[in-house]
There are 4 protein chains.
Amino acid sequence: MSVTLEDARRVIAAAERRADEIGQPMNIAVVDAGGNLVAHVRQDGAWIGSVDISISKAWTSRAFDIATKDLGENSQPTQQFFGIHATNNGKVAIFAGGIPLTQDGTVVGAVGVSGGSGDQDQTVAEAGVAGF
Amino acid sequence: MSVTLEDARRVIAAAERRADEIGQPMNIAVVDAGGNLVAHVRQDGAWIGSVDISISKAWTSRAFDIATKDLGENSQPTQQFFGIHATNNGKVAIFAGGIPLTQDGTVVGAVGVSGGSGDQDQTVAEAGVAGF
Amino acid sequence: MSVTLEDARRVIAAAERRADEIGQPMNIAVVDAGGNLVAHVRQDGAWIGSVDISISKAWTSRAFDIATKDLGENSQPTQQFFGIHATNNGKVAIFAGGIPLTQDGTVVGAVGVSGGSGDQDQTVAEAGVAGF
Amino acid sequence: MSVTLEDARRVIAAAERRADEIGQPMNIAVVDAGGNLVAHVRQDGAWIGSVDISISKAWTSRAFDIATKDLGENSQPTQQFFGIHATNNGKVAIFAGGIPLTQDGTVVGAVGVSGGSGDQDQTVAEAGVAGF
C-alpha cells in the first residue's frame with residue numbers, strides 16, 4: 001500500500017486551499033511509502049528555499065513515521081535525537097510541517113509543507129492530511 | 001517573466017497525456033526562470049530514480065538555455081563540453097528529455113521528463129512544451 | 001525584475017567602502033531574483049572560508065525573503081526553524097550579513113557579506129543595500 | 001605571490017570587453033594562488049549553469065597549473081587522466097576556458113570563463129590573461 005499520484009493531488013489540493021485561506025503561498029510535497037517524491041507544487045510567490053524543505057519534511061515524516069513537529073521536540077540540544085538533522089545527508093527536517101499519511105493504521109506516505117511560520121506550515125499540512 | 005504554477009500544470013497535463021498515449025509512466029518537472037522547481041509529478045509506476053533526473057533535466061535546460069538532447073551531443077567524449085555532467089554538483093543532465101520553455105523569444109523556464117527511453121522522454125517533453 | 005550586473009557592482013562598491021571604513025576586509029556577494037550569483041568579490045586579506053558564506057548569505061536572504069540575522073533568531077534551539085541550517089545542502093546561513101534587495105516592494109535579489117564579526121558583516125551589508 | 005582583487009578586476013574587465021566584442025555574455029571568475037575565489041561576475045543574460053563552471057575552470061587551472069583545454073585533451077576516455085572530472089567533488093573542469101595566471105614564471109592564480117562555445121570561452125579567457 002502506497003499513495004498514488006491521484007492521492008497526492010487530492011492532498012495537495014486540500015493543502016493549497018488552506019494556504020490560500022491563510023494568505024501564505026506554500027511549497028507542498030507528497031512522498032510515497034518508499035519515501036520517494038510523488039508530487040510537488042510551489043505556489044506563486046512561495047519561497048524558493050522551501051522547495052527542498054517541503055520535500056525533506058515529507059521524506060522525514062515517512063522515514064521515521066512521525067510528524068516533524070514531534071521529531072523536532074526530541075531533537076533539540078540535550079534531547080535524545082539531537083544531531084539527527086545532520087544525518088541522511090541533511091535530508092532530515094526537524095521543524096513543523098511534515099505529517100505521515102496513514103491508511104488502516106499503516107503509514108503509506110507523507111506530506112511536507114514549507115513557506116511560512118511553523119504554525120502556518122503545520123495547519124496547511126494538517127489540511128492536506130484531512131484531504132487524504 | 002517566469003512560468004507560473006498554472007503554466008506548469010498545463011505543461012505537465014499535456015506531457016502526462018502523451019505519456020499515457022505511449023504507455024510509459026513518467027516523472028515530469030517544471031522549473032522557473034531562476035531554475036527553481038515549480039512543480040513535479042511522478043506517474044504511478046514511474047521509476048523512482050527518475051525523480052531526480054526529471055528535475056535535473058529541467059534545471060539543465062534553463063541553466064544553459066538548451067535542450068538536454070542538444071547539450072548531450074556536445075558533451076560526448078572529445079566534444080567541446082565533455083565533462084559538463086560532473087559540474088554543478090552533478091545536476092547537469094546530458095541526455096534527451098529537457099527542453100526550455102520560451103515566451104516571446106525569452107527562456108522563462110523549462111520542462112524535464114524522465115522515465116523511459118531517450119526517445120520516449122523527448123516526445124513527452126515536446127508534448128509538454130506544446131501544451132505551454 | 002531582477003538585479004543586473006551594474007546593480008550588483010553598485011551594491012558591492014558601497015559595501016566595500018564601508019568595509020574599508022571599519023578596517024575589516026570582506027567577501028561580498030550579490031544574487032539575483034532566482035538566487036543565482038551575479039557577482040562576488042573578496043577584498044585582499046579577507047577570509048577564504050567566507051567566500052562560501054557570503055554567497056550562502058545572499059542566497060538565503062533571497063530564498064526566504066528575509067535578513068539572515070532575523071532568520072537566525074528564529075533558528076536557534078527550541079525556536080520554530082531550528083535545523084533549517086542543515087537543509088538545502090547546507091546552503092542556508094543563519095547569522096547576520098545577508099539582506100534582501102527590494103524594488104517597489106518586491107525582492108529582486110540579495111547581498112551577502114562575510115569576513116568579520118556579525119555586527120561588522122551586518123553594517124557592511126546594510127551599506128550595500130543603501131547603495132542599491 | 002598571489003593575484004590581488006585589483007588584478008582580478010583588471011583580468012575580468014579585459015575578459016568582459018572581449019565577451020562584448022563577440023556578443024556572448026559570460027561568467028568570469030578569478031582565483032588566487034590558493035585556488036580560492038577572488039572575484040566573479042555574471043554578465044547580464046549569461047547562463048546560470050555557468051556560474052559554477054567558470055569558478056571550477058579557474059580552480060582547475062590553478063589546481064593543476066594547466067589550461068583546462070589542455071587538461072581536457074589528456075582526460076578523454078583511454079587517455080592518462082580520464083576520470084579526473086569526477087575527483088575533487090566534481091570541481092575539476094576539463095573543457096576550454098580556464099587558464100593559469102603567471103608572474104615571473106610562477107602560477108599566482110587563474111581565470112575561468114563559461115557561457116559560450118569552447119572556442120568562445122577560450123578567447124575570452126585569453127583576453128583576460130592578456131589583461132593581467
# chains A, B, ... in the order shown; residues from 1 in each chain; ligands from 1

call {"tool": "residues_around", "arguments": {"residues": "region 57-62 of chain D", "least_positions_apart": "3", "cutoff": "9 Å", "atoms": "only C-alpha atoms", "output": "PDB file with N, CA, C and O atoms, in the first residue's frame"}}
result
ATOM      1  N   ILE D  28      32.712  35.053 -15.574  1.00  0.00           N
ATOM      2  CA  ILE D  28      34.169  35.158 -15.492  1.00  0.00           C
ATOM      3  C   ILE D  28      34.568  35.106 -14.023  1.00  0.00           C
ATOM      4  O   ILE D  28      34.029  35.856 -13.208  1.00  0.00           O
ATOM      5  N   ALA D  29      35.495  34.223 -13.707  1.00  0.00           N
ATOM      6  CA  ALA D  29      35.940  34.059 -12.319  1.00  0.00           C
ATOM      7  C   ALA D  29      37.454  34.089 -12.244  1.00  0.00           C
ATOM      8  O   ALA D  29      38.137  33.641 -13.170  1.00  0.00           O
ATOM      9  N   VAL D  30      37.975  34.613 -11.144  1.00  0.00           N
ATOM     10  CA  VAL D  30      39.416  34.610 -10.900  1.00  0.00           C
ATOM     11  C   VAL D  30      39.689  34.020  -9.520  1.00  0.00           C
ATOM     12  O   VAL D  30      39.036  34.399  -8.534  1.00  0.00           O
ATOM     13  N   VAL D  31      40.635  33.082  -9.471  1.00  0.00           N
ATOM     14  CA  VAL D  31      41.057  32.521  -8.179  1.00  0.00           C
ATOM     15  C   VAL D  31      42.508  32.930  -7.906  1.00  0.00           C
ATOM     16  O   VAL D  31      43.254  33.288  -8.821  1.00  0.00           O
ATOM     17  N   ASP D  32      42.885  32.844  -6.643  1.00  0.00           N
ATOM     18  CA  ASP D  32      44.247  33.232  -6.253  1.00  0.00           C
ATOM     19  C   ASP D  32      45.184  32.026  -6.227  1.00  0.00           C
ATOM     20  O   ASP D  32      44.812  30.928  -6.677  1.00  0.00           O
ATOM     21  N   ALA D  33      46.389  32.230  -5.713  1.00  0.00           N
ATOM     22  CA  ALA D  33      47.386  31.156  -5.683  1.00  0.00           C
ATOM     23  C   ALA D  33      46.937  29.960  -4.850  1.00  0.00           C
ATOM     24  O   ALA D  33      47.403  28.840  -5.044  1.00  0.00           O
ATOM     25  N   GLY D  34      46.023  30.196  -3.917  1.00  0.00           N
ATOM     26  CA  GLY D  34      45.487  29.112  -3.096  1.00  0.00           C
ATOM     27  C   GLY D  34      44.301  28.412  -3.730  1.00  0.00           C
ATOM     28  O   GLY D  34      43.740  27.485  -3.133  1.00  0.00           O
ATOM     29  N   GLY D  35      43.915  28.880  -4.930  1.00  0.00           N
ATOM     30  CA  GLY D  35      42.775  28.283  -5.610  1.00  0.00           C
ATOM     31  C   GLY D  35      41.438  28.831  -5.124  1.00  0.00           C
ATOM     32  O   GLY D  35      40.375  28.365  -5.544  1.00  0.00           O
ATOM     33  N   ASN D  36      41.481  29.834  -4.261  1.00  0.00           N
ATOM     34  CA  ASN D  36      40.264  30.387  -3.675  1.00  0.00           C
ATOM     35  C   ASN D  36      39.746  31.577  -4.476  1.00  0.00           C
ATOM     36  O   ASN D  36      40.530  32.417  -4.935  1.00  0.00           O
ATOM     37  N   LEU D  37      38.433  31.674  -4.592  1.00  0.00           N
ATOM     38  CA  LEU D  37      37.813  32.708  -5.416  1.00  0.00           C
ATOM     39  C   LEU D  37      38.175  34.115  -4.942  1.00  0.00           C
ATOM     40  O   LEU D  37      38.086  34.434  -3.760  1.00  0.00           O
ATOM     41  N   ASP D  52      28.899  28.139 -11.701  1.00  0.00           N
ATOM     42  CA  ASP D  52      29.718  27.081 -11.115  1.00  0.00           C
ATOM     43  C   ASP D  52      30.887  26.692 -12.025  1.00  0.00           C
ATOM     44  O   ASP D  52      32.012  26.488 -11.564  1.00  0.00           O
ATOM     45  N   ILE D  53      30.601  26.598 -13.323  1.00  0.00           N
ATOM     46  CA  ILE D  53      31.635  26.122 -14.254  1.00  0.00           C
ATOM     47  C   ILE D  53      32.785  27.130 -14.374  1.00  0.00           C
ATOM     48  O   ILE D  53      33.951  26.746 -14.442  1.00  0.00           O
ATOM     49  N   SER D  54      32.469  28.426 -14.393  1.00  0.00           N
ATOM     50  CA  SER D  54      33.546  29.413 -14.502  1.00  0.00           C
ATOM     51  C   SER D  54      34.483  29.327 -13.288  1.00  0.00           C
ATOM     52  O   SER D  54      35.708  29.401 -13.434  1.00  0.00           O
ATOM     53  N   ASP D  65      47.856  23.741 -12.468  1.00  0.00           N
ATOM     54  CA  ASP D  65      48.745  24.641 -13.209  1.00  0.00           C
ATOM     55  C   ASP D  65      48.736  24.358 -14.710  1.00  0.00           C
ATOM     56  O   ASP D  65      49.796  24.222 -15.349  1.00  0.00           O
ATOM     57  N   ILE D  66      47.543  24.319 -15.256  1.00  0.00           N
ATOM     58  CA  ILE D  66      47.386  23.965 -16.666  1.00  0.00           C
ATOM     59  C   ILE D  66      46.106  24.601 -17.211  1.00  0.00           C
ATOM     60  O   ILE D  66      45.159  24.845 -16.448  1.00  0.00           O
ATOM     61  N   ALA D  67      46.089  24.881 -18.504  1.00  0.00           N
ATOM     62  CA  ALA D  67      44.845  25.332 -19.130  1.00  0.00           C
ATOM     63  C   ALA D  67      43.858  24.160 -19.164  1.00  0.00           C
ATOM     64  O   ALA D  67      44.259  23.026 -19.443  1.00  0.00           O
ATOM     65  N   THR D  68      42.586  24.419 -18.878  1.00  0.00           N
ATOM     66  CA  THR D  68      41.611  23.314 -18.850  1.00  0.00           C
ATOM     67  C   THR D  68      41.472  22.668 -20.228  1.00  0.00           C
ATOM     68  O   THR D  68      41.149  21.486 -20.329  1.00  0.00           O
ATOM     69  N   LEU D  71      44.226  20.148 -20.255  1.00  0.00           N
ATOM     70  CA  LEU D  71      43.877  19.045 -19.349  1.00  0.00           C
ATOM     71  C   LEU D  71      42.824  18.161 -19.994  1.00  0.00           C
ATOM     72  O   LEU D  71      42.873  16.928 -19.892  1.00  0.00           O
ATOM     73  N   LYS D  91      34.771  19.226  -8.892  1.00  0.00           N
ATOM     74  CA  LYS D  91      35.182  20.612  -9.121  1.00  0.00           C
ATOM     75  C   LYS D  91      36.177  20.749 -10.274  1.00  0.00           C
ATOM     76  O   LYS D  91      36.608  21.863 -10.587  1.00  0.00           O
ATOM     77  N   VAL D  92      36.543  19.631 -10.899  1.00  0.00           N
ATOM     78  CA  VAL D  92      37.526  19.672 -11.985  1.00  0.00           C
ATOM     79  C   VAL D  92      36.833  19.833 -13.341  1.00  0.00           C
ATOM     80  O   VAL D  92      36.086  18.957 -13.774  1.00  0.00           O
ATOM     81  N   ALA D  93      37.085  20.935 -14.013  1.00  0.00           N
ATOM     82  CA  ALA D  93      36.521  21.182 -15.344  1.00  0.00           C
ATOM     83  C   ALA D  93      37.551  20.800 -16.393  1.00  0.00           C
ATOM     84  O   ALA D  93      38.712  21.191 -16.290  1.00  0.00           O
ATOM     85  N   ILE D  94      37.115  20.041 -17.397  1.00  0.00           N
ATOM     86  CA  ILE D  94      38.071  19.547 -18.396  1.00  0.00           C
ATOM     87  C   ILE D  94      37.723  20.009 -19.797  1.00  0.00           C
ATOM     88  O   ILE D  94      37.913  19.293 -20.768  1.00  0.00           O
ATOM     89  N   PHE D  95      37.182  21.219 -19.897  1.00  0.00           N
ATOM     90  CA  PHE D  95      36.967  21.772 -21.234  1.00  0.00           C
ATOM     91  C   PHE D  95      37.433  23.215 -21.248  1.00  0.00           C
ATOM     92  O   PHE D  95      37.631  23.827 -20.203  1.00  0.00           O
ATOM     93  N   ALA D  96      37.607  23.753 -22.436  1.00  0.00           N
ATOM     94  CA  ALA D  96      38.282  25.042 -22.625  1.00  0.00           C
ATOM     95  C   ALA D  96      37.664  26.173 -21.823  1.00  0.00           C
ATOM     96  O   ALA D  96      36.454  26.204 -21.593  1.00  0.00           O
ATOM     97  N   GLY D  97      38.518  27.132 -21.413  1.00  0.00           N
ATOM     98  CA  GLY D  97      38.025  28.315 -20.734  1.00  0.00           C
ATOM     99  C   GLY D  97      38.742  28.667 -19.443  1.00  0.00           C
ATOM    100  O   GLY D  97      38.519  29.736 -18.889  1.00  0.00           O
ATOM    101  N   GLY D  98      39.603  27.784 -18.973  1.00  0.00           N
ATOM    102  CA  GLY D  98      40.369  28.074 -17.761  1.00  0.00           C
ATOM    103  C   GLY D  98      41.847  28.188 -18.089  1.00  0.00           C
ATOM    104  O   GLY D  98      42.387  27.337 -18.801  1.00  0.00           O
ATOM    105  N   ILE D  99      42.504  29.233 -17.611  1.00  0.00           N
ATOM    106  CA  ILE D  99      43.926  29.451 -17.915  1.00  0.00           C
ATOM    107  C   ILE D  99      44.639  29.983 -16.670  1.00  0.00           C
ATOM    108  O   ILE D  99      44.120  30.883 -15.989  1.00  0.00           O
ATOM    109  N   PRO D 100      45.840  29.445 -16.362  1.00  0.00           N
ATOM    110  CA  PRO D 100      46.609  29.962 -15.219  1.00  0.00           C
ATOM    111  C   PRO D 100      47.063  31.400 -15.462  1.00  0.00           C
ATOM    112  O   PRO D 100      47.259  31.827 -16.608  1.00  0.00           O
ATOM    113  N   LEU D 101      47.212  32.135 -14.378  1.00  0.00           N
ATOM    114  CA  LEU D 101      47.805  33.476 -14.417  1.00  0.00           C
ATOM    115  C   LEU D 101      49.203  33.356 -13.818  1.00  0.00           C
ATOM    116  O   LEU D 101      49.349  32.880 -12.689  1.00  0.00           O
ATOM    117  N   VAL D 107      52.877  30.366 -11.215  1.00  0.00           N
ATOM    118  CA  VAL D 107      51.415  30.492 -11.269  1.00  0.00           C
ATOM    119  C   VAL D 107      50.926  31.161  -9.986  1.00  0.00           C
ATOM    120  O   VAL D 107      51.185  30.669  -8.886  1.00  0.00           O
ATOM    121  N   VAL D 108      50.261  32.279 -10.128  1.00  0.00           N
ATOM    122  CA  VAL D 108      49.798  33.052  -8.969  1.00  0.00           C
ATOM    123  C   VAL D 108      48.280  33.123  -8.878  1.00  0.00           C
ATOM    124  O   VAL D 108      47.724  33.813  -8.016  1.00  0.00           O
ATOM    125  N   GLY D 109      47.585  32.390  -9.774  1.00  0.00           N
ATOM    126  CA  GLY D 109      46.130  32.396  -9.794  1.00  0.00           C
ATOM    127  C   GLY D 109      45.654  31.838 -11.114  1.00  0.00           C
ATOM    128  O   GLY D 109      46.434  31.205 -11.838  1.00  0.00           O
ATOM    129  N   ALA D 110      44.377  32.050 -11.426  1.00  0.00           N
ATOM    130  CA  ALA D 110      43.850  31.563 -12.704  1.00  0.00           C
ATOM    131  C   ALA D 110      42.537  32.263 -13.004  1.00  0.00           C
ATOM    132  O   ALA D 110      41.861  32.783 -12.105  1.00  0.00           O
ATOM    133  N   VAL D 111      42.186  32.269 -14.303  1.00  0.00           N
ATOM    134  CA  VAL D 111      40.909  32.811 -14.741  1.00  0.00           C
ATOM    135  C   VAL D 111      40.086  31.677 -15.355  1.00  0.00           C
ATOM    136  O   VAL D 111      40.639  30.784 -16.006  1.00  0.00           O
ATOM    137  N   GLY D 112      38.774  31.713 -15.129  1.00  0.00           N
ATOM    138  CA  GLY D 112      37.871  30.722 -15.718  1.00  0.00           C
ATOM    139  C   GLY D 112      36.697  31.425 -16.370  1.00  0.00           C
ATOM    140  O   GLY D 112      36.116  32.337 -15.775  1.00  0.00           O
ATOM    141  N   VAL D 113      36.358  31.005 -17.583  1.00  0.00           N
ATOM    142  CA  VAL D 113      35.282  31.643 -18.336  1.00  0.00           C
ATOM    143  C   VAL D 113      34.307  30.582 -18.828  1.00  0.00           C
ATOM    144  O   VAL D 113      34.723  29.536 -19.341  1.00  0.00           O
ATOM    145  N   SER D 114      33.020  30.866 -18.678  1.00  0.00           N
ATOM    146  CA  SER D 114      31.998  29.935 -19.160  1.00  0.00           C
ATOM    147  C   SER D 114      30.752  30.701 -19.567  1.00  0.00           C
ATOM    148  O   SER D 114      30.343  31.639 -18.873  1.00  0.00           O
TER     149      SER D 114
END

call {"tool": "interface_residues", "arguments": {"of": "chain C", "to": "chain A", "cutoff": "7 Å", "atoms": "only C-alpha atoms", "output": "NGL selection string"}}
result
:C and (63-64 or 77-78 or 80-83 or 86-89)

call {"tool": "write_last_selection", "arguments": {"atoms": "all heavy atoms", "output": "compact mmCIF listing (two decimals), in the first residue's frame"}}
result
# COMPACT_ATOMS: atom_id res chain seq x y z
N ALA C 63 16.23 33.35 -0.82
CA ALA C 63 15.47 32.10 -0.79
C ALA C 63 14.30 32.19 0.19
O ALA C 63 13.28 31.52 0.01
CB ALA C 63 16.39 30.93 -0.41
N PHE C 64 14.47 33.00 1.24
CA PHE C 64 13.40 33.13 2.24
C PHE C 64 12.95 34.59 2.40
O PHE C 64 12.19 34.90 3.32
CB PHE C 64 13.86 32.56 3.58
CG PHE C 64 14.25 31.11 3.51
CD1 PHE C 64 15.58 30.73 3.49
CD2 PHE C 64 13.27 30.13 3.41
CE1 PHE C 64 15.95 29.39 3.40
CE2 PHE C 64 13.63 28.79 3.32
CZ PHE C 64 14.97 28.42 3.31
N PRO C 77 18.09 26.80 18.88
CA PRO C 77 17.45 25.66 19.53
C PRO C 77 16.14 26.06 20.21
O PRO C 77 16.07 27.14 20.81
CB PRO C 77 18.51 25.23 20.57
CG PRO C 77 19.81 25.59 19.92
CD PRO C 77 19.53 26.87 19.17
N THR C 78 15.15 25.22 20.05
CA THR C 78 13.77 25.38 20.55
C THR C 78 12.95 26.41 19.75
O THR C 78 11.75 26.51 19.97
CB THR C 78 13.69 25.75 22.06
OG1 THR C 78 14.03 27.13 22.23
CG2 THR C 78 14.60 24.87 22.91
N GLN C 80 11.25 28.06 16.15
CA GLN C 80 10.42 27.39 15.13
C GLN C 80 11.19 26.85 13.92
O GLN C 80 10.71 25.93 13.27
CB GLN C 80 9.30 28.30 14.66
CG GLN C 80 9.78 29.58 13.98
CD GLN C 80 8.63 30.43 13.46
OE1 GLN C 80 7.58 29.91 13.11
NE2 GLN C 80 8.84 31.74 13.37
N PHE C 81 12.35 27.44 13.61
CA PHE C 81 13.07 26.96 12.42
C PHE C 81 14.38 26.27 12.76
O PHE C 81 15.26 26.13 11.89
CB PHE C 81 13.34 28.13 11.45
CG PHE C 81 12.11 28.73 10.85
CD1 PHE C 81 11.99 30.12 10.70
CD2 PHE C 81 11.05 27.93 10.42
CE1 PHE C 81 10.85 30.68 10.13
CE2 PHE C 81 9.91 28.49 9.85
CZ PHE C 81 9.81 29.87 9.71
N PHE C 82 14.57 25.86 14.03
CA PHE C 82 15.82 25.19 14.38
C PHE C 82 16.04 23.97 13.48
O PHE C 82 15.18 23.11 13.36
CB PHE C 82 15.82 24.76 15.85
CG PHE C 82 17.05 23.97 16.23
CD1 PHE C 82 18.32 24.52 16.09
CD2 PHE C 82 16.94 22.65 16.68
CE1 PHE C 82 19.46 23.79 16.41
CE2 PHE C 82 18.08 21.92 17.00
CZ PHE C 82 19.34 22.49 16.87
N GLY C 83 17.22 23.91 12.89
CA GLY C 83 17.53 22.81 11.98
C GLY C 83 17.59 23.27 10.53
O GLY C 83 18.10 22.55 9.66
N ALA C 86 20.69 23.06 8.18
CA ALA C 86 21.16 21.81 7.59
C ALA C 86 20.39 21.46 6.31
O ALA C 86 20.71 20.48 5.64
CB ALA C 86 21.04 20.67 8.60
N THR C 87 19.37 22.26 5.96
CA THR C 87 18.58 21.97 4.76
C THR C 87 19.29 22.56 3.53
O THR C 87 20.30 23.23 3.64
CB THR C 87 17.17 22.58 4.85
OG1 THR C 87 17.26 24.01 4.81
CG2 THR C 87 16.46 22.16 6.13
N ASN C 88 18.71 22.31 2.37
CA ASN C 88 19.23 22.88 1.12
C ASN C 88 20.72 22.63 0.95
O ASN C 88 21.48 23.51 0.52
CB ASN C 88 18.92 24.39 1.06
CG ASN C 88 17.46 24.69 0.77
OD1 ASN C 88 17.02 24.66 -0.36
ND2 ASN C 88 16.69 24.94 1.82
N ASN C 89 21.14 21.41 1.31
CA ASN C 89 22.55 21.02 1.19
C ASN C 89 23.49 21.96 1.94
O ASN C 89 24.61 22.21 1.50
CB ASN C 89 22.97 20.96 -0.27
CG ASN C 89 22.22 19.89 -1.03
OD1 ASN C 89 22.09 18.76 -0.55
ND2 ASN C 89 21.70 20.21 -2.19

call {"tool": "atom_distance", "arguments": {"atom1": "CA of Gly128 (chain B)", "atom2": "CA of Ala13 (chain A)"}}
result
21.6 Å

call {"tool": "atom_distance", "arguments": {"atom1": "CA of Met26 (chain B)", "atom2": "CA of Asp121 (chain B)"}}
result
7.9 Å

call {"tool": "residues_around", "arguments": {"residues": "Val11 (chain D)", "least_positions_apart": "2", "cutoff": "7 Å", "atoms": "only C-alpha atoms", "output": "list in words"}}
result
Asp7, Ala8, Arg9, Ala13, Ala14, Ala15, Gly128, Val129, Gly131 and Phe132 of chain D

call {"tool": "atom_distance", "arguments": {"atom1": "CA of His40 (chain D)", "atom2": "CA of Val41 (chain C)"}}
result
6.6 Å

call {"tool": "select_by_dssp", "arguments": {"residues": "chain D", "states": "helix (DSSP H, G or I)", "output": "ChimeraX atom specification"}}
result
/D:5-22,50-63,68-73,84-86,88-90,118-131

call {"tool": "select_by_dssp", "arguments": {"residues": "region 34-115 of chain A", "states": "strand (DSSP E or B)", "output": "VMD selection string"}}
result
chain A and resid 37 to 42 98 to 103 106 to 114

call {"tool": "residues_around", "arguments": {"residues": "Leu5 (chain D)", "least_positions_apart": "4", "cutoff": "8 Å", "atoms": "only C-alpha atoms", "output": "list in words"}}
result
Val41, Arg42, Gln43 and Asp44 of chain C; Arg9, Val38 and Ala39 of chain D
